[in-house]
Amino acid sequence: MFVSKEHHPQVLPRQAYVDPEFFKNEIETFMMPSWHCVATMAELPKNGSYLTLELFERPIILWRKEEEVVGFLNVCPHRFAKLTSKDCGVCERLHCQYHGWEFDETGNVRKIPDAKTFRPLAQGMLGLKQYRVERCGELIFVNLSEEGPSLQEFIGEKFAMYQEWFSPQMHTAITMTRTINANWKCLVENALESYHTTTVHPQTFGEAPAEKDMRHTLEENWTSMFVDYSEERSFRAALDKFGHFMVGRKPEGSYEHVLHYPNVMMARLSLYRWIECVIPVTPSQSLSVVRLLCHIGEPGQIRRAWNRFFVSKWANDFLSKVGAEDAKVVVQVHAGLSAPEEPMGGLISTREERIFHFQKYVERETGSGTPDGDREYSKFDFQETQHD
């Protein structure tokens with residue numbers, strides 16, 4: 001069931017998708033203070049494992065020390081070279097590739113070659129810039145701001161549920177990274193509605209689910225979509241049942257998708273969990289990073305190795321196809337938004353109501369929006385459009 005009983009207008013102006021100043025405002029006002037999922041524990045498999053990434057033009061290094069993960073700016077405080085240019089590795093201490101300075105898990109300098117030439121150097125005078133890193137289950141999040149809510153406060157009431165969704169029992173099957181030439185909001189909005197599935201995904205998803213089988217939930221800082229597909233009769237449903245047989249689990253027959261504002265999306269099927277973080281790069285380019293985790297059976301089952309291969313291959317093939325279909329169309333959405341003129345319109349259906357809610361969030365945070373005639377949409381609520 002949808003929350004709204006009538007359509008909504010397009011809230012954000014086209015400039016919100018193409019203007020560099022609007023983009024800069026988004027990064028500063030709500031992207032930088034947010035939590036971003038950047039890895040899973042499987043990507044840091046043992047003590048001393050590290051990996052590098054870039055987030056909002058900042059080179060970052062994540063480093064595992066026992067069961068804790070720390071995050072630093074991947075820049076040496078000596079002469080500002082990147083500590084390492086490697087994607088991943090294992091080390092006892094972080095080591096600068098330029099002059100060999102070494103740092104411990106607190107970011108403090110532990111070794112300076114030819115240290116006597118730097119006298120006098122006070123203890124703690126130089127060190128790595130550290131970022132906040134927290135976990136939810138196997139998921140690793142980074143926050144680039146020094147203050148603000150904890151990860152648990154950011155996720156809210158669903159934190160415990162995600163700990164179960166992304167527990168150590170889940171196998172990390174694939175990580176898929178795609179650079180897409182479209183504004184980040186085009187990617188998020190595409191994921192928030194099922195209206196396009198019949199046209200864009202006729203083979204992978206088929207018909208959009210009926211309203212009676214759906215439930216939208218709209219909260220201040222997140223929205224969700226729940227779909228009951230227990231009565232579905234299709235190849236996808238048959239494959240799902242076969243997968244459950246191989247793993248030895250009972251099918252649940254439902255799907256749930258959640259967006260935590262601004263850019264972290266979680267999804268659940270009976271055997272699968274995935275999380276997508278959409279990273280803005282420029283006003284016209286985004287990075288989509290999807291990590292898929294899945295059940296492969298209980299420990300000791302002889303089928304686990306086969307399941308790992310089968311599930312990973314199927315998931316990679318399926319997500320690659322769906323991702324390519326979405327990437328192709330959102331590029332065209334961005335091209336339309338970038339046109340110097342626009343037709344009459346800008347309409348959001350009840351099936352797309354999560355987009356309206358998302359746009360109201362962006363409007364609220366940035367202070368920008370498009371008025372719809374005499375109707376006032378400045379308040380962040382849905383009271384006038386809810387079902388009785």
# chains A, B, ... in the order shown; residues from 1 in each chain; ligands from 1
>>> residues_around(residues="stretch 273-275 of chain A", least_positions_apart="4", cutoff="7 Å", atoms="only C-alpha atoms", output="PyMOL selection string")
chain A and resi 165+265-269+290-294
>>> write_last_selection(atoms="C-alpha atoms", output="mmCIF file, in the first residue's frame")
data_model
loop_
_atom_site.group_PDB
_atom_site.id
_atom_site.type_symbol
_atom_site.label_atom_id
_atom_site.label_comp_id
_atom_site.auth_asym_id
_atom_site.auth_seq_id
_atom_site.Cartn_x
_atom_site.Cartn_y
_atom_site.Cartn_z
ATOM 1 C CA TRP A 165 21.298 -8.791 8.079
ATOM 2 C CA MET A 265 20.769 1.953 0.589
ATOM 3 C CA MET A 266 20.255 -1.471 2.157
ATOM 4 C CA ALA A 267 18.253 -4.348 0.677
ATOM 5 C CA ARG A 268 17.219 -7.819 1.818
ATOM 6 C CA LEU A 269 16.052 -10.975 0.113
ATOM 7 C CA VAL A 290 27.443 -2.248 -4.284
ATOM 8 C CA ARG A 291 28.436 -5.009 -1.900
ATOM 9 C CA LEU A 292 26.479 -8.267 -1.924
ATOM 10 C CA LEU A 293 26.461 -10.734 0.956
ATOM 11 C CA CYS A 294 24.666 -14.081 0.933
#
>>> residues_around(residues="A:Glu57", least_positions_apart="5", cutoff="12 Å", atoms="only C-alpha atoms", output="JSON, numbers by chain")
{"A": [27, 32, 73, 74, 144, 279, 280, 281, 282]}
>>> write_last_selection(atoms="C-alpha atoms", output="PDB file, in the first residue's frame")
ATOM      1  CA  ILE A  27      28.671  18.084  -0.076  1.00  0.00           C
ATOM      2  CA  MET A  32      30.428  15.382   4.736  1.00  0.00           C
ATOM      3  CA  LEU A  73      43.928  10.427   5.632  1.00  0.00           C
ATOM      4  CA  ASN A  74      46.341   8.555   3.379  1.00  0.00           C
ATOM      5  CA  LEU A 144      34.646  12.664   7.595  1.00  0.00           C
ATOM      6  CA  ILE A 279      29.223   8.731  -3.841  1.00  0.00           C
ATOM      7  CA  PRO A 280      28.935  12.110  -5.627  1.00  0.00           C
ATOM      8  CA  VAL A 281      32.070  12.846  -7.659  1.00  0.00           C
ATOM      9  CA  THR A 282      31.028  15.900  -9.704  1.00  0.00           C
TER      10      THR A 282
END
>>> closest_atom_pairs(of="stretch 141-252 of chain A", to="stretch 346-361 of chain A", cutoff="12 Å", atoms="only C-alpha atoms", output="Markdown table")
| residue | atom | partner | partner_atom | distance |
| --- | --- | --- | --- | --- |
| A:Lys185 | CA | A:Gln359 | CA | 8.9 |
| A:Cys186 | CA | A:Ile355 | CA | 10.1 |
| A:Leu187 | CA | A:Ile355 | CA | 11.1 |
| A:Val188 | CA | A:Ile355 | CA | 8.5 |
| A:Glu189 | CA | A:Ile355 | CA | 5.6 |
| A:Asn190 | CA | A:Ile355 | CA | 8.5 |
| A:Ala191 | CA | A:Ile355 | CA | 9.1 |
| A:Leu192 | CA | A:Arg354 | CA | 5.9 |
| A:Glu193 | CA | A:Glu352 | CA | 5.0 |
| A:Ser194 | CA | A:Arg351 | CA | 7.0 |
| A:Tyr195 | CA | A:Arg351 | CA | 6.6 |
| A:His196 | CA | A:Glu352 | CA | 9.7 |
| A:Thr197 | CA | A:Arg351 | CA | 11.8 |
| A:Ala208 | CA | A:Arg351 | CA | 10.0 |
| A:Pro209 | CA | A:Arg351 | CA | 10.2 |
| A:Ala210 | CA | A:Arg351 | CA | 9.8 |
| A:Glu211 | CA | A:Arg351 | CA | 8.0 |
| A:Lys212 | CA | A:Arg351 | CA | 11.6 |
| A:Met214 | CA | A:Arg351 | CA | 9.6 |
| A:Arg215 | CA | A:Arg351 | CA | 10.2 |
| A:His216 | CA | A:Arg354 | CA | 7.8 |
| A:Thr217 | CA | A:Arg354 | CA | 8.6 |
| A:Leu218 | CA | A:Arg354 | CA | 7.3 |
| A:Glu219 | CA | A:His357 | CA | 8.7 |
| A:Glu220 | CA | A:Tyr361 | CA | 8.0 |
| A:Asn221 | CA | A:Tyr361 | CA | 7.7 |
| A:Trp222 | CA | A:Phe358 | CA | 8.3 |
| A:Thr223 | CA | A:Arg354 | CA | 6.6 |
| A:Ser224 | CA | A:Arg354 | CA | 8.0 |
| A:Met225 | CA | A:Arg354 | CA | 8.6 |
>>> write_last_selection(atoms="C-alpha atoms", output="PDB file, in the first residue's frame")
ATOM      1  CA  LYS A 185      20.434  11.997  -7.063  1.00  0.00           C
ATOM      2  CA  CYS A 186      19.500  10.390 -10.401  1.00  0.00           C
ATOM      3  CA  LEU A 187      20.931   7.104  -9.121  1.00  0.00           C
ATOM      4  CA  VAL A 188      19.191   7.340  -5.756  1.00  0.00           C
ATOM      5  CA  GLU A 189      15.832   8.321  -7.237  1.00  0.00           C
ATOM      6  CA  ASN A 190      16.005   5.463  -9.725  1.00  0.00           C
ATOM      7  CA  ALA A 191      16.409   3.010  -6.837  1.00  0.00           C
ATOM      8  CA  LEU A 192      13.460   4.476  -4.926  1.00  0.00           C
ATOM      9  CA  GLU A 193      10.710   3.566  -7.379  1.00  0.00           C
ATOM     10  CA  SER A 194       9.379   0.442  -9.069  1.00  0.00           C
ATOM     11  CA  TYR A 195       7.625   2.339 -11.877  1.00  0.00           C
ATOM     12  CA  HIS A 196      10.523   1.909 -14.324  1.00  0.00           C
ATOM     13  CA  THR A 197      11.044  -1.814 -13.826  1.00  0.00           C
ATOM     14  CA  ALA A 208       6.270  -3.945 -11.401  1.00  0.00           C
ATOM     15  CA  PRO A 209       4.666  -5.381  -8.248  1.00  0.00           C
ATOM     16  CA  ALA A 210       1.030  -4.580  -7.590  1.00  0.00           C
ATOM     17  CA  GLU A 211       0.250  -1.970  -4.951  1.00  0.00           C
ATOM     18  CA  LYS A 212      -1.518  -4.567  -2.792  1.00  0.00           C
ATOM     19  CA  MET A 214       3.797  -3.382  -1.487  1.00  0.00           C
ATOM     20  CA  ARG A 215       4.198  -1.246   1.596  1.00  0.00           C
ATOM     21  CA  HIS A 216       5.997   2.101   1.732  1.00  0.00           C
ATOM     22  CA  THR A 217       7.242   3.551   5.017  1.00  0.00           C
ATOM     23  CA  LEU A 218       8.233   7.217   5.138  1.00  0.00           C
ATOM     24  CA  GLU A 219      10.228   8.519   8.095  1.00  0.00           C
ATOM     25  CA  GLU A 220      12.133  11.749   8.616  1.00  0.00           C
ATOM     26  CA  ASN A 221      15.582  10.434   7.660  1.00  0.00           C
ATOM     27  CA  TRP A 222      14.782   7.191   5.823  1.00  0.00           C
ATOM     28  CA  THR A 223      12.196   5.462   3.683  1.00  0.00           C
ATOM     29  CA  SER A 224      11.582   1.818   2.900  1.00  0.00           C
ATOM     30  CA  MET A 225       9.739  -0.402   0.449  1.00  0.00           C
TER      31      MET A 225
END
>>> residues_around(residues="stretch 40-54 of chain A", least_positions_apart="5", cutoff="8 Å", atoms="only C-alpha atoms", output="PyMOL selection string")
chain A and resi 59-67+74+85-93+138-140+172
>>> write_last_selection(atoms="C-alpha atoms", output="compact mmCIF listing (two decimals), in the first residue's frame")
# COMPACT_ATOMS: atom_id res chain seq x y z
CA PRO A 59 42.54 9.70 -0.05
CA ILE A 60 41.70 7.41 2.87
CA ILE A 61 43.34 4.30 4.30
CA LEU A 62 41.47 1.78 6.46
CA TRP A 63 43.62 -0.44 8.67
CA ARG A 64 42.56 -3.43 10.74
CA LYS A 65 44.13 -3.93 14.16
CA GLU A 66 42.72 -7.12 15.71
CA GLU A 67 38.91 -6.65 15.62
CA ASN A 74 46.34 8.55 3.38
CA SER A 85 49.41 3.97 -3.67
CA LYS A 86 48.48 0.29 -3.29
CA ASP A 87 44.81 -0.71 -3.23
CA CYS A 88 45.29 -3.13 -0.33
CA GLY A 89 47.88 -5.08 1.62
CA VAL A 90 49.05 -6.16 5.07
CA CYS A 91 51.48 -4.31 7.35
CA GLU A 92 52.57 -4.20 10.99
CA ARG A 93 52.78 -0.40 10.85
CA GLU A 138 30.29 -6.75 8.98
CA LEU A 139 29.79 -3.30 7.43
CA ILE A 140 32.45 -0.61 7.91
CA THR A 172 30.68 -11.42 0.97
>>> residues_around(residues="stretch 177-181 of chain A", least_positions_apart="5", cutoff="7 Å", atoms="only C-alpha atoms", output="tab-separated table (two decimals) with N, CA and C atoms, in the first residue's frame")
chain	number	residue	atom	x	y	z
A	284	SER	N	27.96	15.93	-12.45
A	284	SER	CA	27.51	15.06	-13.53
A	284	SER	C	28.14	13.67	-13.50
A	285	GLN	N	28.73	13.29	-12.37
A	285	GLN	CA	29.35	11.96	-12.28
A	285	GLN	C	29.23	11.43	-10.85
A	286	SER	N	28.95	10.13	-10.76
A	286	SER	CA	28.77	9.48	-9.46
A	286	SER	C	29.45	8.13	-9.45
A	287	LEU	N	29.72	7.68	-8.25
A	287	LEU	CA	30.30	6.36	-8.05
A	287	LEU	C	29.29	5.52	-7.29
A	288	SER	N	28.89	4.40	-7.87
A	288	SER	CA	28.00	3.45	-7.21
A	288	SER	C	28.83	2.26	-6.75
A	289	VAL	N	28.82	2.01	-5.44
A	289	VAL	CA	29.55	0.86	-4.88
A	289	VAL	C	28.54	-0.07	-4.22
A	290	VAL	N	28.40	-1.25	-4.78
A	290	VAL	CA	27.44	-2.25	-4.28
A	290	VAL	C	28.21	-3.43	-3.72
A	327	ALA	N	22.24	1.96	-15.27
A	327	ALA	CA	23.25	2.96	-15.61
A	327	ALA	C	22.93	3.61	-16.96
A	331	VAL	N	21.84	7.83	-17.13
A	331	VAL	CA	22.64	8.77	-17.93
A	331	VAL	C	21.73	9.60	-18.83
>>> residues_around(residues="A:Phe166", least_positions_apart="2", cutoff="6 Å", atoms="only C-alpha atoms", output="ChimeraX atom specification")
/A:137-138,162-164
>>> closest_residue(among="A:Leu128, A:Val227, A:Val3, A:Cys96", to="A:Pro113", atoms="only C-alpha atoms")
A:Cys96
>>> select_by_dssp(residues="stretch 266-356 of chain A", states="strand (DSSP E)", output="list in words")
Met266, Ala267, Arg268, Tyr272, Arg273, Trp274, Ile275, Glu276, Cys277, Val278, Ile279, Pro280, Val281, Thr282, Gln285, Ser286, Leu287, Ser288, Val289, Val290, Arg291, Leu292, Leu293, Cys294, Leu347 and Ile348 of chain A
>>> closest_residue(among="A:Ser368, A:Thr199, A:Ser34, A:Ser312", to="A:Ile155", atoms="only C-alpha atoms")
A:Ser34
>>> atom_distance(atom1="atom CA of A:Tyr229", atom2="atom CA of A:Gly253")
5.4 Å
>>> atom_distance(atom1="atom CA of A:Ala173", atom2="atom CA of A:Cys37")
16.4 Å
>>> atom_distance(atom1="atom CA of A:Gly127", atom2="atom CA of A:Glu105")
10.8 Å
>>> select_by_dssp(residues="stretch 157-370 of chain A", states="helix (DSSP H, G or I)", output="number ranges by chain")
A: 157-165, 184-191, 197-200, 211-213, 235-247, 304-338, 350-366
>>> closest_residue(among="A:Lys250, A:Pro20, A:Ala81, A:Val109", to="A:Leu121", atoms="only C-alpha atoms")
A:Val109
>>> residues_around(residues="A:Met344", least_positions_apart="3", cutoff="12 Å", atoms="only C-alpha atoms", output="PyMOL selection string")
chain A and resi 9-10+341+347
>>> closest_residue(among="A:Val330, A:Met161, A:Leu271, A:Val75", to="A:Tyr255", atoms="only C-alpha atoms")
A:Leu271
>>> closest_residue(among="A:Asn316, A:Phe56, A:Phe141, A:Glu342", to="A:Lys24", atoms="only C-alpha atoms")
A:Phe56
